[in-house]
Number of protein chains: 2
Amino acid sequence: MISILDSTLRDGAQGEDISFSVSDKLHIVEQLDAFGLDFIEAGNPGSNPKDLEFFEKVGGRSLAQAQLCAFGATRRCNKAVEDDVQVQHLLSAHTPVVVIFGKSSSLHVTEILRTTHEENLRMIEDTVAYFKSLGKTVIYDAEHFFDGYYLEGEASGYALQTLRAAQRAQADIITLCDTNGGMLPQQIFAATRTVLEQLGEATPVGIHAHNDSGCAVANSLAAVEAGATHVQGTFIGFGERCGNADLSSILPALILKMHRKVRGSLPRLTETASAIAEISNVIMPGGTPYVGMSAFSHKAGMHADGVLKNPISFEHIDPAEVGNERRFLVSEVAGRRAVLERVKTFAPKLTKDSPELATILERLKELEHRGYQFEAADASFELMAKKVLGTYTPHFKVTFYKSIGEFPAASEGEPSTATIEIEVDGSHEIAAAKGRGPVHALDKALRKALTVFYPELNSMQLVDYKVRVLEQKAATAAQVRVLIESADAQTSWTTIGVSDDILEASFLALVDSLEYKLASSHRKVM
Amino acid sequence: MISILDSTLRDGAQGEDISFSVSDKLHIVEQLDAFGLDFIEAGNPGSNPKDLEFFEKVGGRSLAQAQLCAFGATRRCNKAVEDDVQVQHLLSAHTPVVVIFGKSSSLHVTEILRTTHEENLRMIEDTVAYFKSLGKTVIYDAEHFFDGYYLEGEASGYALQTLRAAQRAQADIITLCDTNGGMLPQQIFAATRTVLEQLGEATPVGIHAHNDSGCAVANSLAAVEAGATHVQGTFIGFGERCGNADLSSILPALILKMHRKVRGSLPRLTETASAIAEISNVIMPGGTPYVGMSAFSHKAGMHADGVLKNPISFEHIDPAEVGNERRFLVSEVAGRRAVLERVKTFAPKLTKDSPELATILERLKELEHRGYQFEAADASFELMAKKVLGTYTPHFKVTFYKSIGEFPAASEGEPSTATIEIEVDGSHEIAAAKGRGPVHALDKALRKALTVFYPELNSMQLVDYKVRVLEQKAATAAQVRVLIESADAQTSWTTIGVSDDILEASFLALVDSLEYKLASSHRKVM
């Protein structure tokens, strides 16, 4: 069995464009736990006070599979471990597992840490022993291990001595780190094999690779080939500089190609990767192995033809094994069954041969082409499908709106105003509102007008608002995709709008959100 | 000596978002030739008539180093090679080198090609022999070699027989292709070693890897370890599905880490990769190894601190060796030293004890607390710091703006209008514009007013626009962070704006972008 540690929330947060709120982190923990990994390294409470807030909030939740880990350094030089502030911070995270990192490279000990080789060994041993004595599971991360091993000469043996210090203190796992990410697979393989020979079978050995040489995935697999039984990475490769080893590539290779036992539900791989990208507000490159939109897309006519004759002719695995889908870029065929399953929840009589299903698929294709994406926006999908099926009558119609933004602002903090007119069963209502921005003002005006007819809208609220610029090169004239999540006391739902006008995109998502609520309320009444 | 073939223009063109004009292709040939690779595979004249036009246009140019290759299939089944239309098309490209691909996998011969094993061997031998008899250099690409070798059992030996057919016909190089991209390095190593043992030293063996398992770089290097002396890839990894092996990662590994002889000027690596991305209208991910914007960026305070003490502590190579640069991401966590390094580029007299530095740090912290993030927005950081230092005078002042969005739209496709007034040295200018959304209209109006005073602004453009909603739970009243990347002929820069009004946030980033351009132009004049 190979155990897996995800560090999206700790090492991944060092990525250049990555910045997680506490709520983002909680959502990512949910995703990783639902996928079923062993360890979630969720923060460094010693160096980042925000992480402490997260650990307090997450403390009460029970996870199905994963164990939470807090990450931190060994004690400082010439200090008792009990008096070390960072060590104490780590403890206050109250996680069952701690990951302790220490120096394995002689250069780092003398030049960066500026202490002696002997004191560094004591720092490692003391800190690991301290957390073990408190009943924690301790993963020891040997930072810069491979640099220490190779650059300073295998003969010096200091890198190995640091591992022995952690082993003496009963570390549960010892992880070899390629912190600078420059190693090649043959180097990782040879050094890992030596470590296993030297340490014996008693302590499981792990690998933590960075992608600076473009080999982080292969390096992680090479370590497993050499006998490592623990792999650290980030789910979609986030991390400082060129990122960490991408678990979404490592997991299917371990399971499908190397036939190792690993916890986690591979058919959820693509869904989990997409959700993490979405929460992080990062566009996952289409070409990301296994989980990218293009990973099983066939463009060349010959390839598409070959795949139709026999899928293994141009596919290394069955995309369904990782929850992804085959796409033909010229003639789209994908998704029929998945769409049918969703439509059946509100149109149970539909079958895969119904002509209405074909029409829904066509409309879906057309909207996706325009930048819509219904994977997250289930409420908008339902409204769209019902419109196609003719089973939907809108509850209101917007006949006019005007939104004005001004500088200097006429009223403090509310530089925007909006006016809107709606029609419900032949009655018109006009309303106006001020807001912090044009979308906010429009949102307020629309609700004001609507609640005259539908007071039940007072019981819902918007809980999330996301904006994604598509085709970023078009700059301020670009298409934008807006996702709005709304909730009432019972449930929550997500809607989408796409336009090259951010106001219109937001408005479309807003209208869908209100329509969905009205449809649900009326459904309950009937 | 390892020879290198770039297939950006042929296999790279199969990438999902890639579409080259003839002029794009000519520019990419110039870039690759200036870099100094051996072979440029520029098209498939048999399957794509546009490629023929390209070969006609490129024909007259003399290249400094690279040799052009045309790519095509072996002759069809049961046809004489002289009568095969595609073979003749290949000839009409008039390149010194042809790359011929044939089938190595039994499954492909019977199921996709639908011919006999014997006829397939004759097709390979005939076609290679034909081009050799015409004096061409012939590279033979053994498509699906590894699948044939492994999936159909090494014992069957058919995959090896296809290579022998090419060898009998005197192919100059025989390339083993992982067409489906699913192999792992240990498989590539073992099979390549067997091939070299079987074929002997007479024919150089090459590797052509795809990235479906995320191991294309490592797979290419594994083949070289096993004795391959020819590597095919695409300069920044373009290609169908997950892309081809990325030469910008392979070249520095071969030269700097494996100490092989390879033609090409490594210090031009980053420049060449950026130029190809630009010509292809693709945003190269910041984390791309060696050549990405973030490849040598340090965010964690501890890392920045370590690099300043000794660069090899957190860098696997010197960025200058590949023409890239070290960057310190300015952030609260980055710490005093990283900020000082950045400020010194425009205020060289500042030291770590200057009171101005403390003021800049305080202002930075305050802005970050409000949602600013300067890691990517280096231009906004520079303007902010100069304002603190008192060395900056704004080039214009916005005295008023008003933006209106309307539904139904008064003019088709442009539902927004904006009016703006600016002041430059006591002169006022007022301008108005229509746009696709309020930000677009405001952007257009502002530039219109400004170019009256500063015509040099016509030479810059916005190339990227990003929106991130902070505290998403505040929904439409939430804070938003806008990042704008701008460029002129020489350079590019990024600016930031944060507000709970998306219009204001965009406007702040826009004003910074224009101010930065004006500051740079005037700096050159002085």
# chains A, B, ... in the order shown; residues from 1 in each chain; ligands from 1
$ select_by_dssp --residues "segment 145-349 of chain B" --states "helix (DSSP H, G or I)" --output "NGL selection string"
:B and (145-151 or 154-156 or 158-168 or 185-199 or 216-225 or 247-257 or 266-279 or 301-309 or 311-313 or 319-322 or 332-344)
$ residues_around --residues "segment 35-43 of chain B" --least-positions-apart "6" --cutoff "8 Å" --atoms "only C-alpha atoms" --output "ChimeraX atom specification"
/B:3-10,25,29,51,64-71,99,263-266,268-269,272
$ residues_around --residues "Glu56 of chain A" --least-positions-apart "6" --cutoff "9 Å" --atoms "only C-alpha atoms" --output "list in words"
Ser92, Ala93 and His94 of chain A
$ write_last_selection --atoms "all heavy atoms" --output "PDB file, in the first residue's frame"
ATOM      1  N   SER A  92      -0.749  23.623  18.610  1.00  0.00           N
ATOM      2  CA  SER A  92      -2.078  24.227  18.827  1.00  0.00           C
ATOM      3  C   SER A  92      -3.001  23.992  17.634  1.00  0.00           C
ATOM      4  O   SER A  92      -4.183  24.335  17.699  1.00  0.00           O
ATOM      5  CB  SER A  92      -1.950  25.716  19.125  1.00  0.00           C
ATOM      6  OG  SER A  92      -1.358  26.359  18.027  1.00  0.00           O
ATOM      7  N   ALA A  93      -2.481  23.422  16.550  1.00  0.00           N
ATOM      8  CA  ALA A  93      -3.353  23.069  15.423  1.00  0.00           C
ATOM      9  C   ALA A  93      -4.188  21.829  15.741  1.00  0.00           C
ATOM     10  O   ALA A  93      -5.176  21.555  15.070  1.00  0.00           O
ATOM     11  CB  ALA A  93      -2.523  22.845  14.160  1.00  0.00           C
ATOM     12  N   HIS A  94      -3.779  21.080  16.772  1.00  0.00           N
ATOM     13  CA  HIS A  94      -4.533  19.902  17.236  1.00  0.00           C
ATOM     14  C   HIS A  94      -4.810  18.875  16.144  1.00  0.00           C
ATOM     15  O   HIS A  94      -5.918  18.337  16.038  1.00  0.00           O
ATOM     16  CB  HIS A  94      -5.875  20.328  17.875  1.00  0.00           C
ATOM     17  CG  HIS A  94      -5.688  21.146  19.113  1.00  0.00           C
ATOM     18  ND1 HIS A  94      -5.136  20.641  20.268  1.00  0.00           N
ATOM     19  CD2 HIS A  94      -5.957  22.444  19.359  1.00  0.00           C
ATOM     20  CE1 HIS A  94      -5.083  21.591  21.182  1.00  0.00           C
ATOM     21  NE2 HIS A  94      -5.561  22.688  20.660  1.00  0.00           N
TER      22      HIS A  94
END
$ residues_around --residues "Thr476 of chain B" --least-positions-apart "5" --cutoff "10 Å" --atoms "only C-alpha atoms" --output "VMD selection string"
(chain A and resid 435 to 444 462 to 466 484 506 510) or (chain B and resid 469 500 to 502)
$ residues_around --residues "Glu382 of chain B" --least-positions-apart "4" --cutoff "9 Å" --atoms "only C-alpha atoms" --output "list of chain:residue names"
B:Arg342, B:Val343, B:Phe346, B:Ala377, B:Asp378, B:Lys386, B:Lys387, B:Tyr516
$ write_last_selection --atoms "C-alpha atoms" --output "short mmCIF file (atom, residue, chain, number, x, y, z; two decimals), in the first residue's frame"
data_model
loop_
_atom_site.label_atom_id
_atom_site.label_comp_id
_atom_site.auth_asym_id
_atom_site.auth_seq_id
_atom_site.Cartn_x
_atom_site.Cartn_y
_atom_site.Cartn_z
CA ARG B 342 12.94 44.85 -5.81
CA VAL B 343 13.02 48.52 -4.74
CA PHE B 346 14.69 51.81 -9.28
CA ALA B 377 1.65 43.27 -10.31
CA ASP B 378 5.24 44.49 -10.37
CA LYS B 386 7.86 55.64 -5.98
CA LYS B 387 4.86 57.51 -4.61
CA TYR B 516 3.68 53.01 -15.93
#
$ residues_around --residues "segment 186-192 of chain A" --least-positions-apart "4" --cutoff "8 Å" --atoms "only C-alpha atoms" --output "number ranges by chain"
A: 146, 149, 176, 196, 219, 222-223, 225-228
$ write_last_selection --atoms "all heavy atoms" --output "PDB file, in the first residue's frame"
ATOM      1  N   PHE A 146      18.104  15.251  -1.644  1.00  0.00           N
ATOM      2  CA  PHE A 146      18.858  14.810  -2.831  1.00  0.00           C
ATOM      3  C   PHE A 146      20.022  15.738  -3.153  1.00  0.00           C
ATOM      4  O   PHE A 146      21.080  15.299  -3.589  1.00  0.00           O
ATOM      5  CB  PHE A 146      17.915  14.659  -4.033  1.00  0.00           C
ATOM      6  CG  PHE A 146      16.904  13.575  -3.837  1.00  0.00           C
ATOM      7  CD1 PHE A 146      15.618  13.861  -3.385  1.00  0.00           C
ATOM      8  CD2 PHE A 146      17.250  12.252  -4.054  1.00  0.00           C
ATOM      9  CE1 PHE A 146      14.689  12.849  -3.180  1.00  0.00           C
ATOM     10  CE2 PHE A 146      16.326  11.231  -3.848  1.00  0.00           C
ATOM     11  CZ  PHE A 146      15.042  11.530  -3.409  1.00  0.00           C
ATOM     12  N   TYR A 149      22.654  14.776  -0.823  1.00  0.00           N
ATOM     13  CA  TYR A 149      23.212  13.469  -1.178  1.00  0.00           C
ATOM     14  C   TYR A 149      24.151  13.575  -2.373  1.00  0.00           C
ATOM     15  O   TYR A 149      25.246  13.024  -2.361  1.00  0.00           O
ATOM     16  CB  TYR A 149      22.052  12.532  -1.494  1.00  0.00           C
ATOM     17  CG  TYR A 149      22.432  11.104  -1.785  1.00  0.00           C
ATOM     18  CD1 TYR A 149      22.664  10.196  -0.753  1.00  0.00           C
ATOM     19  CD2 TYR A 149      22.539  10.658  -3.098  1.00  0.00           C
ATOM     20  CE1 TYR A 149      22.987   8.871  -1.020  1.00  0.00           C
ATOM     21  CE2 TYR A 149      22.866   9.328  -3.374  1.00  0.00           C
ATOM     22  CZ  TYR A 149      23.090   8.443  -2.329  1.00  0.00           C
ATOM     23  OH  TYR A 149      23.415   7.136  -2.601  1.00  0.00           O
ATOM     24  N   LEU A 176      11.896  11.860   1.530  1.00  0.00           N
ATOM     25  CA  LEU A 176      13.059  12.441   0.858  1.00  0.00           C
ATOM     26  C   LEU A 176      12.559  13.548  -0.062  1.00  0.00           C
ATOM     27  O   LEU A 176      11.719  13.307  -0.923  1.00  0.00           O
ATOM     28  CB  LEU A 176      13.780  11.369   0.054  1.00  0.00           C
ATOM     29  CG  LEU A 176      14.037  10.044   0.801  1.00  0.00           C
ATOM     30  CD1 LEU A 176      14.736   9.039  -0.127  1.00  0.00           C
ATOM     31  CD2 LEU A 176      14.871  10.289   2.048  1.00  0.00           C
ATOM     32  N   LEU A 196      16.900   3.122   1.330  1.00  0.00           N
ATOM     33  CA  LEU A 196      16.169   1.949   1.820  1.00  0.00           C
ATOM     34  C   LEU A 196      17.118   0.869   2.318  1.00  0.00           C
ATOM     35  O   LEU A 196      16.855   0.206   3.325  1.00  0.00           O
ATOM     36  CB  LEU A 196      15.252   1.418   0.723  1.00  0.00           C
ATOM     37  CG  LEU A 196      13.953   2.243   0.631  1.00  0.00           C
ATOM     38  CD1 LEU A 196      13.358   2.213  -0.753  1.00  0.00           C
ATOM     39  CD2 LEU A 196      12.938   1.754   1.665  1.00  0.00           C
ATOM     40  N   ASN A 219       9.819  11.447 -11.336  1.00  0.00           N
ATOM     41  CA  ASN A 219      10.675  11.306 -10.154  1.00  0.00           C
ATOM     42  C   ASN A 219       9.936  10.600  -9.018  1.00  0.00           C
ATOM     43  O   ASN A 219      10.504   9.747  -8.331  1.00  0.00           O
ATOM     44  CB  ASN A 219      11.162  12.683  -9.687  1.00  0.00           C
ATOM     45  CG  ASN A 219      12.277  13.229 -10.573  1.00  0.00           C
ATOM     46  OD1 ASN A 219      12.834  12.496 -11.398  1.00  0.00           O
ATOM     47  ND2 ASN A 219      12.597  14.499 -10.425  1.00  0.00           N
ATOM     48  N   ALA A 222       9.703   7.012  -9.913  1.00  0.00           N
ATOM     49  CA  ALA A 222      11.012   6.356  -9.800  1.00  0.00           C
ATOM     50  C   ALA A 222      11.299   5.987  -8.351  1.00  0.00           C
ATOM     51  O   ALA A 222      11.858   4.923  -8.051  1.00  0.00           O
ATOM     52  CB  ALA A 222      12.119   7.260 -10.350  1.00  0.00           C
ATOM     53  N   ALA A 223      10.911   6.874  -7.412  1.00  0.00           N
ATOM     54  CA  ALA A 223      11.121   6.573  -5.996  1.00  0.00           C
ATOM     55  C   ALA A 223      10.298   5.355  -5.584  1.00  0.00           C
ATOM     56  O   ALA A 223      10.773   4.494  -4.832  1.00  0.00           O
ATOM     57  CB  ALA A 223      10.753   7.785  -5.138  1.00  0.00           C
ATOM     58  N   GLU A 225       9.334   2.926  -7.572  1.00  0.00           N
ATOM     59  CA  GLU A 225      10.062   1.794  -8.179  1.00  0.00           C
ATOM     60  C   GLU A 225      11.196   1.326  -7.273  1.00  0.00           C
ATOM     61  O   GLU A 225      11.480   0.133  -7.171  1.00  0.00           O
ATOM     62  CB  GLU A 225      10.698   2.218  -9.518  1.00  0.00           C
ATOM     63  CG  GLU A 225       9.783   2.225 -10.705  1.00  0.00           C
ATOM     64  CD  GLU A 225       9.414   0.830 -11.175  1.00  0.00           C
ATOM     65  OE1 GLU A 225      10.320  -0.001 -11.378  1.00  0.00           O
ATOM     66  OE2 GLU A 225       8.195   0.573 -11.315  1.00  0.00           O
ATOM     67  N   ALA A 226      11.852   2.301  -6.643  1.00  0.00           N
ATOM     68  CA  ALA A 226      13.008   1.972  -5.801  1.00  0.00           C
ATOM     69  C   ALA A 226      12.594   1.498  -4.417  1.00  0.00           C
ATOM     70  O   ALA A 226      13.439   1.103  -3.619  1.00  0.00           O
ATOM     71  CB  ALA A 226      13.921   3.193  -5.680  1.00  0.00           C
ATOM     72  N   GLY A 227      11.280   1.570  -4.116  1.00  0.00           N
ATOM     73  CA  GLY A 227      10.830   1.042  -2.835  1.00  0.00           C
ATOM     74  C   GLY A 227      10.112   2.017  -1.922  1.00  0.00           C
ATOM     75  O   GLY A 227       9.667   1.633  -0.834  1.00  0.00           O
ATOM     76  N   ALA A 228       9.990   3.277  -2.325  1.00  0.00           N
ATOM     77  CA  ALA A 228       9.272   4.239  -1.478  1.00  0.00           C
ATOM     78  C   ALA A 228       7.800   3.833  -1.393  1.00  0.00           C
ATOM     79  O   ALA A 228       7.239   3.309  -2.345  1.00  0.00           O
ATOM     80  CB  ALA A 228       9.393   5.655  -2.049  1.00  0.00           C
TER      81      ALA A 228
END
$ select_by_dssp --residues "segment 30-203 of chain A" --states "strand (DSSP E or B)" --output "MDAnalysis selection string"
chainID A and resid 39:43 67:73 97:103 137:143 173:178
$ residues_around --residues "Leu221 of chain A" --least-positions-apart "5" --cutoff "12 Å" --atoms "only C-alpha atoms" --output "PDB file with N, CA and C atoms, in the first residue's frame"
ATOM      1  N   ILE A   2       0.574   2.161  -0.918  1.00  0.00           N
ATOM      2  CA  ILE A   2       1.303   3.435  -0.973  1.00  0.00           C
ATOM      3  C   ILE A   2       0.408   4.490  -0.323  1.00  0.00           C
ATOM      4  N   LEU A 184      16.751  14.316 -11.762  1.00  0.00           N
ATOM      5  CA  LEU A 184      16.231  13.492 -12.853  1.00  0.00           C
ATOM      6  C   LEU A 184      15.915  12.101 -12.278  1.00  0.00           C
ATOM      7  N   PRO A 185      15.018  11.356 -12.947  1.00  0.00           N
ATOM      8  CA  PRO A 185      14.534  10.099 -12.357  1.00  0.00           C
ATOM      9  C   PRO A 185      15.635   9.111 -11.971  1.00  0.00           C
ATOM     10  N   GLN A 186      16.671   8.984 -12.791  1.00  0.00           N
ATOM     11  CA  GLN A 186      17.708   8.001 -12.451  1.00  0.00           C
ATOM     12  C   GLN A 186      18.413   8.364 -11.139  1.00  0.00           C
ATOM     13  N   ILE A 188      16.981  10.029  -8.591  1.00  0.00           N
ATOM     14  CA  ILE A 188      16.018   9.745  -7.522  1.00  0.00           C
ATOM     15  C   ILE A 188      16.005   8.242  -7.220  1.00  0.00           C
ATOM     16  N   PHE A 189      15.987   7.460  -8.283  1.00  0.00           N
ATOM     17  CA  PHE A 189      15.928   6.010  -8.118  1.00  0.00           C
ATOM     18  C   PHE A 189      17.129   5.512  -7.309  1.00  0.00           C
ATOM     19  N   THR A 192      17.188   6.791  -3.591  1.00  0.00           N
ATOM     20  CA  THR A 192      16.129   6.192  -2.777  1.00  0.00           C
ATOM     21  C   THR A 192      16.468   4.738  -2.437  1.00  0.00           C
ATOM     22  N   GLY A 206       9.314   8.027   2.012  1.00  0.00           N
ATOM     23  CA  GLY A 206       8.440   8.741   1.081  1.00  0.00           C
ATOM     24  C   GLY A 206       9.218   9.635   0.134  1.00  0.00           C
ATOM     25  N   ILE A 207       8.490  10.217  -0.838  1.00  0.00           N
ATOM     26  CA  ILE A 207       9.110  11.108  -1.827  1.00  0.00           C
ATOM     27  C   ILE A 207       8.296  12.390  -1.916  1.00  0.00           C
ATOM     28  N   HIS A 208       8.995  13.510  -2.023  1.00  0.00           N
ATOM     29  CA  HIS A 208       8.367  14.823  -2.163  1.00  0.00           C
ATOM     30  C   HIS A 208       9.127  15.526  -3.274  1.00  0.00           C
ATOM     31  N   ALA A 209       8.513  15.640  -4.458  1.00  0.00           N
ATOM     32  CA  ALA A 209       9.235  16.163  -5.620  1.00  0.00           C
ATOM     33  C   ALA A 209       8.648  17.492  -6.089  1.00  0.00           C
ATOM     34  N   CYS A 215      10.183  16.888 -14.373  1.00  0.00           N
ATOM     35  CA  CYS A 215      10.187  15.437 -14.149  1.00  0.00           C
ATOM     36  C   CYS A 215       9.563  15.048 -12.809  1.00  0.00           C
ATOM     37  N   ALA A 216       8.753  15.914 -12.185  1.00  0.00           N
ATOM     38  CA  ALA A 216       8.274  15.614 -10.835  1.00  0.00           C
ATOM     39  C   ALA A 216       7.437  14.339 -10.787  1.00  0.00           C
ATOM     40  N   ALA A 226      11.852   2.301  -6.643  1.00  0.00           N
ATOM     41  CA  ALA A 226      13.008   1.972  -5.801  1.00  0.00           C
ATOM     42  C   ALA A 226      12.594   1.498  -4.417  1.00  0.00           C
ATOM     43  N   GLY A 227      11.280   1.570  -4.116  1.00  0.00           N
ATOM     44  CA  GLY A 227      10.830   1.042  -2.835  1.00  0.00           C
ATOM     45  C   GLY A 227      10.112   2.017  -1.922  1.00  0.00           C
ATOM     46  N   ALA A 228       9.990   3.277  -2.325  1.00  0.00           N
ATOM     47  CA  ALA A 228       9.272   4.239  -1.478  1.00  0.00           C
ATOM     48  C   ALA A 228       7.800   3.833  -1.393  1.00  0.00           C
ATOM     49  N   THR A 229       7.176   4.093  -0.225  1.00  0.00           N
ATOM     50  CA  THR A 229       5.776   3.697  -0.041  1.00  0.00           C
ATOM     51  C   THR A 229       4.909   4.870   0.413  1.00  0.00           C
ATOM     52  N   HIS A 230       5.421   6.076   0.242  1.00  0.00           N
ATOM     53  CA  HIS A 230       4.654   7.269   0.608  1.00  0.00           C
ATOM     54  C   HIS A 230       4.965   8.334  -0.441  1.00  0.00           C
ATOM     55  N   VAL A 231       3.925   8.993  -0.969  1.00  0.00           N
ATOM     56  CA  VAL A 231       4.139   9.999  -2.010  1.00  0.00           C
ATOM     57  C   VAL A 231       3.440  11.285  -1.613  1.00  0.00           C
ATOM     58  N   GLN A 232       4.179  12.394  -1.679  1.00  0.00           N
ATOM     59  CA  GLN A 232       3.592  13.704  -1.424  1.00  0.00           C
ATOM     60  C   GLN A 232       3.493  14.491  -2.731  1.00  0.00           C
ATOM     61  N   GLY A 233       2.463  15.288  -2.843  1.00  0.00           N
ATOM     62  CA  GLY A 233       2.304  16.127  -4.028  1.00  0.00           C
ATOM     63  C   GLY A 233       1.141  17.059  -3.816  1.00  0.00           C
ATOM     64  N   ALA A 245       4.895  17.952  -7.487  1.00  0.00           N
ATOM     65  CA  ALA A 245       4.485  16.758  -8.235  1.00  0.00           C
ATOM     66  C   ALA A 245       2.966  16.699  -8.278  1.00  0.00           C
ATOM     67  N   ASP A 246       2.436  16.438  -9.461  1.00  0.00           N
ATOM     68  CA  ASP A 246       0.998  16.496  -9.700  1.00  0.00           C
ATOM     69  C   ASP A 246       0.363  15.139  -9.366  1.00  0.00           C
ATOM     70  N   LEU A 247      -0.387  15.110  -8.271  1.00  0.00           N
ATOM     71  CA  LEU A 247      -0.994  13.841  -7.848  1.00  0.00           C
ATOM     72  C   LEU A 247      -1.993  13.317  -8.881  1.00  0.00           C
ATOM     73  N   SER A 249      -1.618  13.076 -11.916  1.00  0.00           N
ATOM     74  CA  SER A 249      -0.892  12.217 -12.857  1.00  0.00           C
ATOM     75  C   SER A 249      -0.291  11.002 -12.149  1.00  0.00           C
ATOM     76  N   ILE A 250       0.114  11.197 -10.900  1.00  0.00           N
ATOM     77  CA  ILE A 250       0.791  10.115 -10.173  1.00  0.00           C
ATOM     78  C   ILE A 250      -0.186   9.008  -9.792  1.00  0.00           C
ATOM     79  N   LEU A 251      -1.372   9.397  -9.300  1.00  0.00           N
ATOM     80  CA  LEU A 251      -2.321   8.384  -8.814  1.00  0.00           C
ATOM     81  C   LEU A 251      -2.709   7.384  -9.909  1.00  0.00           C
ATOM     82  N   PRO A 252      -3.140   7.827 -11.111  1.00  0.00           N
ATOM     83  CA  PRO A 252      -3.500   6.821 -12.119  1.00  0.00           C
ATOM     84  C   PRO A 252      -2.301   5.989 -12.592  1.00  0.00           C
ATOM     85  N   ALA A 253      -1.104   6.585 -12.603  1.00  0.00           N
ATOM     86  CA  ALA A 253       0.062   5.790 -13.007  1.00  0.00           C
ATOM     87  C   ALA A 253       0.325   4.686 -11.983  1.00  0.00           C
ATOM     88  N   LEU A 254       0.250   5.045 -10.694  1.00  0.00           N
ATOM     89  CA  LEU A 254       0.483   4.042  -9.654  1.00  0.00           C
ATOM     90  C   LEU A 254      -0.546   2.921  -9.739  1.00  0.00           C
ATOM     91  N   ILE A 255      -1.820   3.307  -9.904  1.00  0.00           N
ATOM     92  CA  ILE A 255      -2.893   2.315  -9.844  1.00  0.00           C
ATOM     93  C   ILE A 255      -3.010   1.533 -11.151  1.00  0.00           C
ATOM     94  N   LYS A 257      -1.003   1.660 -14.047  1.00  0.00           N
ATOM     95  CA  LYS A 257       0.165   1.235 -14.806  1.00  0.00           C
ATOM     96  C   LYS A 257       1.163   0.462 -13.967  1.00  0.00           C
ATOM     97  N   MET A 258       1.275   0.818 -12.679  1.00  0.00           N
ATOM     98  CA  MET A 258       2.244   0.131 -11.845  1.00  0.00           C
ATOM     99  C   MET A 258       1.561  -0.853 -10.885  1.00  0.00           C
ATOM    100  N   HIS A 259       0.221  -0.867 -10.923  1.00  0.00           N
ATOM    101  CA  HIS A 259      -0.572  -1.846 -10.171  1.00  0.00           C
ATOM    102  C   HIS A 259      -0.263  -1.848  -8.673  1.00  0.00           C
ATOM    103  N   ARG A 260      -0.120  -0.638  -8.107  1.00  0.00           N
ATOM    104  CA  ARG A 260       0.084  -0.532  -6.661  1.00  0.00           C
ATOM    105  C   ARG A 260      -1.257  -0.253  -5.993  1.00  0.00           C
TER     106      ARG A 260
ATOM    107  N   LEU B 184       5.856   4.798 -19.274  1.00  0.00           N
ATOM    108  CA  LEU B 184       6.615   5.322 -18.139  1.00  0.00           C
ATOM    109  C   LEU B 184       8.106   5.144 -18.438  1.00  0.00           C
ATOM    110  N   PRO B 185       8.953   5.953 -17.781  1.00  0.00           N
ATOM    111  CA  PRO B 185      10.378   5.961 -18.157  1.00  0.00           C
ATOM    112  C   PRO B 185      11.057   4.596 -18.143  1.00  0.00           C
ATOM    113  N   GLN B 186      10.725   3.764 -17.162  1.00  0.00           N
ATOM    114  CA  GLN B 186      11.418   2.472 -17.104  1.00  0.00           C
ATOM    115  C   GLN B 186      11.096   1.609 -18.328  1.00  0.00           C
ATOM    116  N   SER B 213       1.008  10.593 -19.991  1.00  0.00           N
ATOM    117  CA  SER B 213       1.225  10.140 -18.619  1.00  0.00           C
ATOM    118  C   SER B 213       1.968  11.203 -17.803  1.00  0.00           C
ATOM    119  N   GLY B 214       2.175  12.382 -18.386  1.00  0.00           N
ATOM    120  CA  GLY B 214       2.907  13.432 -17.667  1.00  0.00           C
ATOM    121  C   GLY B 214       4.392  13.148 -17.564  1.00  0.00           C
ATOM    122  N   CYS B 215       4.890  12.215 -18.385  1.00  0.00           N
ATOM    123  CA  CYS B 215       6.297  11.794 -18.291  1.00  0.00           C
ATOM    124  C   CYS B 215       7.074  12.002 -19.589  1.00  0.00           C
ATOM    125  N   ALA B 218      10.771  13.066 -19.067  1.00  0.00           N
ATOM    126  CA  ALA B 218      11.534  11.975 -18.453  1.00  0.00           C
ATOM    127  C   ALA B 218      11.681  10.807 -19.422  1.00  0.00           C
TER     128      ALA B 218
END
